[in-house]
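Engineer: Structure file start.tsv (TSV, C-alpha atoms) right here:
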chain	number	residue	atom	x	y	z
J	11	GLU	CA	18.29	11.79	-20.51
J	12	ILE	CA	18.12	9.42	-17.53
J	13	THR	CA	21.57	8.38	-16.29
J	14	GLU	CA	20.50	6.66	-13.03
J	15	ILE	CA	17.08	5.29	-12.14
J	16	GLU	CA	15.43	3.65	-9.14
J	17	ASN	CA	11.81	2.53	-8.97
J	18	ILE	CA	10.31	3.78	-5.69
J	19	ASP	CA	6.73	2.56	-6.10
J	20	TYR	CA	7.01	1.05	-2.59
J	21	GLU	CA	6.48	4.58	-1.25
J	22	HIS	CA	2.75	4.05	-1.89
J	23	LEU	CA	2.72	1.27	0.71
J	24	THR	CA	4.42	3.45	3.29
J	25	PHE	CA	1.85	6.18	2.78
J	26	LEU	CA	-1.05	3.73	2.90
J	27	THR	CA	0.23	2.01	6.04
J	28	THR	CA	0.64	5.33	7.79
J	29	TYR	CA	-3.05	6.13	7.31
J	30	ILE	CA	-4.64	2.67	7.54
J	31	VAL	CA	-3.05	1.52	10.81
J	32	PRO	CA	-4.56	4.40	12.82
J	33	LEU	CA	-7.97	3.79	11.26
J	34	VAL	CA	-7.94	0.10	12.18
J	35	CYS	CA	-6.52	0.56	15.69
J	36	PHE	CA	-8.71	3.40	16.92
J	37	ASN	CA	-11.75	2.83	19.10
J	38	PHE	CA	-14.57	4.90	17.58
J	39	ASP	CA	-16.96	4.47	20.51
J	40	SER	CA	-15.80	7.74	22.02
J	41	VAL	CA	-15.85	11.25	20.53
J	42	ARG	CA	-12.48	11.80	22.17
J	43	TYR	CA	-10.87	9.08	20.01
J	44	GLU	CA	-12.51	10.47	16.89
J	45	ILE	CA	-11.03	13.91	17.62
J	46	VAL	CA	-7.59	12.39	18.27
J	47	LEU	CA	-7.81	10.50	14.94
J	48	VAL	CA	-8.69	13.68	13.03
J	49	ILE	CA	-5.80	15.55	14.66
J	50	LEU	CA	-3.43	12.65	13.90
J	51	LEU	CA	-4.48	12.54	10.24
J	52	ILE	CA	-4.05	16.30	9.88
J	53	VAL	CA	-0.57	16.14	11.44
J	54	ILE	CA	0.49	13.22	9.24
J	55	GLY	CA	-0.92	14.95	6.13
J	56	THR	CA	0.92	18.15	6.98
J	57	ILE	CA	4.17	16.24	7.43
J	58	TYR	CA	3.75	14.53	4.05
J	59	ILE	CA	3.10	17.85	2.32
J	60	ARG	CA	5.93	19.75	4.03
J	61	THR	CA	8.44	17.00	3.33
J	62	ASP	CA	7.36	16.75	-0.33
J	63	LEU	CA	6.16	13.17	0.07
J	64	PHE	CA	2.75	13.93	-1.43
J	65	TYR	CA	3.83	12.03	-4.55
J	66	ALA	CA	3.58	8.79	-2.54
J	67	ASN	CA	-0.21	9.03	-2.40
J	68	PRO	CA	-1.65	5.54	-3.08
J	69	THR	CA	-4.30	7.07	-5.35
J	70	LEU	CA	-1.53	7.50	-7.92
J	71	ALA	CA	-0.85	3.75	-7.78
J	72	VAL	CA	-4.53	2.99	-8.35
J	73	LEU	CA	-4.42	5.31	-11.37
J	74	ARG	CA	-1.38	3.33	-12.66
J	75	PHE	CA	1.25	5.99	-12.16
J	76	ARG	CA	4.83	4.94	-11.48
J	77	ILE	CA	7.31	6.76	-9.27
J	78	TYR	CA	11.03	6.89	-10.00
J	79	LYS	CA	14.02	8.55	-8.38
J	80	VAL	CA	16.36	9.54	-11.18
J	81	SER	CA	19.50	11.44	-12.00
J	82	GLY	CA	20.03	12.77	-15.46
J	83	LYS	CA	21.10	15.40	-17.93
J	84	PHE	CA	18.66	18.23	-18.46
J	85	ARG	CA	18.21	20.29	-21.63
J	86	ASN	CA	21.01	22.69	-20.81
J	87	GLY	CA	23.44	19.81	-20.16
J	88	GLU	CA	23.24	20.27	-16.38
J	89	MET	CA	23.34	17.07	-14.30
J	90	ARG	CA	20.71	16.85	-11.59
J	91	LYS	CA	20.48	14.10	-9.00
J	92	ASN	CA	17.66	12.59	-6.95
J	93	ARG	CA	14.73	13.98	-8.89
J	94	ILE	CA	11.35	12.33	-8.47
J	95	LEU	CA	9.48	11.50	-11.67
J	96	ILE	CA	5.79	10.60	-11.67
J	97	CYS	CA	4.77	8.99	-14.94
J	98	ARG	CA	2.48	6.45	-16.55
J	99	GLU	CA	5.08	4.69	-18.69
J	100	LYS	CA	7.82	2.37	-17.57
J	101	LEU	CA	11.11	4.28	-17.70
J	102	CYS	CA	14.57	2.81	-18.26
J	103	LEU	CA	18.16	3.96	-18.19
J	104	ASN	CA	19.05	6.30	-21.10
J	105	ASP	CA	15.39	7.13	-21.83
J	106	HIS	CA	14.67	10.69	-22.86
J	107	VAL	CA	11.72	12.27	-21.10
J	108	LYS	CA	9.79	15.49	-21.26
J	109	TYR	CA	8.60	16.88	-17.97
J	110	ILE	CA	6.45	19.38	-16.16
J	111	LYS	CA	7.85	20.73	-12.91
J	112	ILE	CA	5.51	20.20	-9.96
J	113	ASP	CA	7.85	21.10	-7.13
J	114	GLU	CA	11.53	21.86	-6.63
J	115	ARG	CA	12.55	18.22	-7.17
J	116	ILE	CA	9.31	16.54	-8.32
J	117	TYR	CA	8.25	16.33	-11.96
J	118	TYR	CA	5.46	14.81	-13.99
J	119	ALA	CA	7.24	13.07	-16.87
J	120	TYR	CA	6.46	11.24	-20.09
J	121	LYS	CA	8.68	9.55	-22.62
J	122	ASP	CA	9.95	11.71	-25.44
J	123	ILE	CA	9.18	9.59	-28.48
J	124	SER	CA	10.86	12.07	-30.82
J	125	SER	CA	14.35	11.17	-29.50
Let me see whether you can do it: turn the structure in this file into structure tokens.
Structural biologist:
Amino acid sequence: EITEIENIDYEHLTFLTTYIVPLVCFNFDSVRYEIVLVILLIVIGTIYIRTDLFYANPTLAVLRFRIYKVSGKFRNGEMRKNRILICREKLCLNDHVKYIKIDERIYYAYKDISS
């Protein structure tokens, strides 16, 4: 059951801006700049993966996924805070969701219509 919810769909824009700005600003007339761009993209990608920000990938927005930061009661009654839910439906306070764990704090979720 969701006890606190925050829509964080804006994370897609942060991710997109991080990758688009270097592409627009680089001069591709030189092989040197192309190599620097590849290294920069690899470093940024590694940072996103190591900091668990991969869920902010703009491809998810194109595919109509929503991203929420939630706190809630899990099956065993345990309260967990600041969990990231990726889902297709619009979620609200007090909704019951089923989930599949992707990472330590990131879940793919869908509304539990049986509740």
Engineer: Near Tyr118 of chain J, counting only C-alpha atoms, which residues have an atom at most 8 Å away, once you skip same-chain residues fewer than 3 positions from it, shown as a ChimeraX atom specification?
Structural biologist: /J:95-97,109-112
Engineer: With all atoms listed in the file as the counted atoms, please give the residues lying no more than 10 Å from Arg115 of chain J, apart from itself and same-chain residues fewer than 3 positions off, as a list in words.
Structural biologist: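 After dropping sequence-adjacent residues, the list is Asp62, Lys79, Arg90, Lys91, Asn92, Arg93, Ile94, Leu95, Lys111 and Ile112 of chain J.
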Engineer: With distances taken over only C-alpha atoms, which residue among J:Asp39, J:Val46, J:Arg98, J:Leu33 lies nearest Leu73 of chain J?
Structural biologist: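 Looking at the shortest contact to Leu73 of chain J, the residue is J:Arg98.
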Engineer: Given all atoms listed in the file, how would the per-residue table for segment 54-122 of chain J near segment 11-27 of chain J read, listing every residue at most 10 Å away with its closest atom pair and distance in Å to one decimal, sorted by chain and number, as a Markdown table?
Structural biologist:
| residue | atom | partner | partner_atom | distance |
| --- | --- | --- | --- | --- |
| J:Ile54 | CA | J:Phe25 | CA | 9.7 |
| J:Gly55 | CA | J:Phe25 | CA | 9.8 |
| J:Tyr58 | CA | J:Phe25 | CA | 8.7 |
| J:Leu63 | CA | J:Phe25 | CA | 8.6 |
| J:Phe64 | CA | J:Phe25 | CA | 8.9 |
| J:Tyr65 | CA | J:His22 | CA | 8.5 |
| J:Ala66 | CA | J:His22 | CA | 4.9 |
| J:Asn67 | CA | J:His22 | CA | 5.8 |
| J:Pro68 | CA | J:His22 | CA | 4.8 |
| J:Thr69 | CA | J:His22 | CA | 8.4 |
| J:Leu70 | CA | J:His22 | CA | 8.2 |
| J:Ala71 | CA | J:His22 | CA | 6.9 |
| J:Val72 | CA | J:His22 | CA | 9.8 |
| J:Phe75 | CA | J:Asp19 | CA | 8.9 |
| J:Arg76 | CA | J:Asp19 | CA | 6.2 |
| J:Ile77 | CA | J:Asp19 | CA | 5.3 |
| J:Tyr78 | CA | J:Asn17 | CA | 4.5 |
| J:Lys79 | CA | J:Glu16 | CA | 5.2 |
| J:Val80 | CA | J:Ile15 | CA | 4.4 |
| J:Ser81 | CA | J:Glu14 | CA | 5.0 |
| J:Gly82 | CA | J:Ile12 | CA | 4.4 |
| J:Lys83 | CA | J:Glu11 | CA | 5.3 |
| J:Phe84 | CA | J:Glu11 | CA | 6.8 |
| J:Arg85 | CA | J:Glu11 | CA | 8.6 |
| J:Gly87 | CA | J:Glu11 | CA | 9.5 |
| J:Met89 | CA | J:Thr13 | CA | 9.1 |
| J:Arg90 | CA | J:Thr13 | CA | 9.7 |
| J:Lys91 | CA | J:Glu14 | CA | 8.5 |
| J:Asn92 | CA | J:Glu14 | CA | 9.0 |
| J:Arg93 | CA | J:Ile15 | CA | 9.6 |
| J:Ile94 | CA | J:Ile18 | CA | 9.1 |
| J:Leu95 | CA | J:Asn17 | CA | 9.7 |
| J:Ile96 | CA | J:Asp19 | CA | 9.8 |
| J:Lys100 | CA | J:Asn17 | CA | 9.5 |
| J:Leu101 | CA | J:Ile15 | CA | 8.2 |
| J:Cys102 | CA | J:Ile15 | CA | 7.1 |
| J:Leu103 | CA | J:Ile12 | CA | 5.5 |
| J:Asn104 | CA | J:Ile12 | CA | 4.8 |
| J:Asp105 | CA | J:Ile12 | CA | 5.6 |
| J:His106 | CA | J:Glu11 | CA | 4.5 |
| J:Val107 | CA | J:Glu11 | CA | 6.6 |
| J:Lys108 | CA | J:Glu11 | CA | 9.3 |
| J:Asp122 | CA | J:Glu11 | CA | 9.7 |
Engineer: Could you write those residues out with C-alpha atoms, as a compact mmCIF listing (two decimals), keeping the file's coordinate frame?
Structural biologist:
# COMPACT_ATOMS: atom_id res chain seq x y z
CA ILE J 54 0.49 13.22 9.24
CA GLY J 55 -0.92 14.95 6.13
CA TYR J 58 3.75 14.53 4.05
CA LEU J 63 6.16 13.17 0.07
CA PHE J 64 2.75 13.93 -1.43
CA TYR J 65 3.83 12.03 -4.55
CA ALA J 66 3.58 8.79 -2.54
CA ASN J 67 -0.21 9.03 -2.40
CA PRO J 68 -1.65 5.54 -3.08
CA THR J 69 -4.30 7.07 -5.35
CA LEU J 70 -1.53 7.50 -7.92
CA ALA J 71 -0.85 3.75 -7.78
CA VAL J 72 -4.53 2.99 -8.35
CA PHE J 75 1.25 5.99 -12.16
CA ARG J 76 4.83 4.94 -11.48
CA ILE J 77 7.31 6.76 -9.27
CA TYR J 78 11.03 6.89 -10.00
CA LYS J 79 14.02 8.55 -8.38
CA VAL J 80 16.36 9.54 -11.18
CA SER J 81 19.50 11.44 -12.00
CA GLY J 82 20.03 12.77 -15.46
CA LYS J 83 21.10 15.40 -17.93
CA PHE J 84 18.66 18.23 -18.46
CA ARG J 85 18.21 20.29 -21.63
CA GLY J 87 23.44 19.81 -20.16
CA MET J 89 23.34 17.07 -14.30
CA ARG J 90 20.71 16.85 -11.59
CA LYS J 91 20.48 14.10 -9.00
CA ASN J 92 17.66 12.59 -6.95
CA ARG J 93 14.73 13.98 -8.89
CA ILE J 94 11.35 12.33 -8.47
CA LEU J 95 9.48 11.50 -11.67
CA ILE J 96 5.79 10.60 -11.67
CA LYS J 100 7.82 2.37 -17.57
CA LEU J 101 11.11 4.28 -17.70
CA CYS J 102 14.57 2.81 -18.26
CA LEU J 103 18.16 3.96 -18.19
CA ASN J 104 19.05 6.30 -21.10
CA ASP J 105 15.39 7.13 -21.83
CA HIS J 106 14.67 10.69 -22.86
CA VAL J 107 11.72 12.27 -21.10
CA LYS J 108 9.79 15.49 -21.26
CA ASP J 122 9.95 11.71 -25.44
Engineer: So how many Å separate atom CA of Glu44 of chain J and atom CA of Ile57 of chain J, to one decimal?
Structural biologist: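 Between these atoms lies a distance of 20.0 Å.
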Engineer: Work out how far atom CA of Glu99 of chain J is from atom CA of Arg74 of chain J, in Å to one decimal.
Structural biologist: 8.9 Å
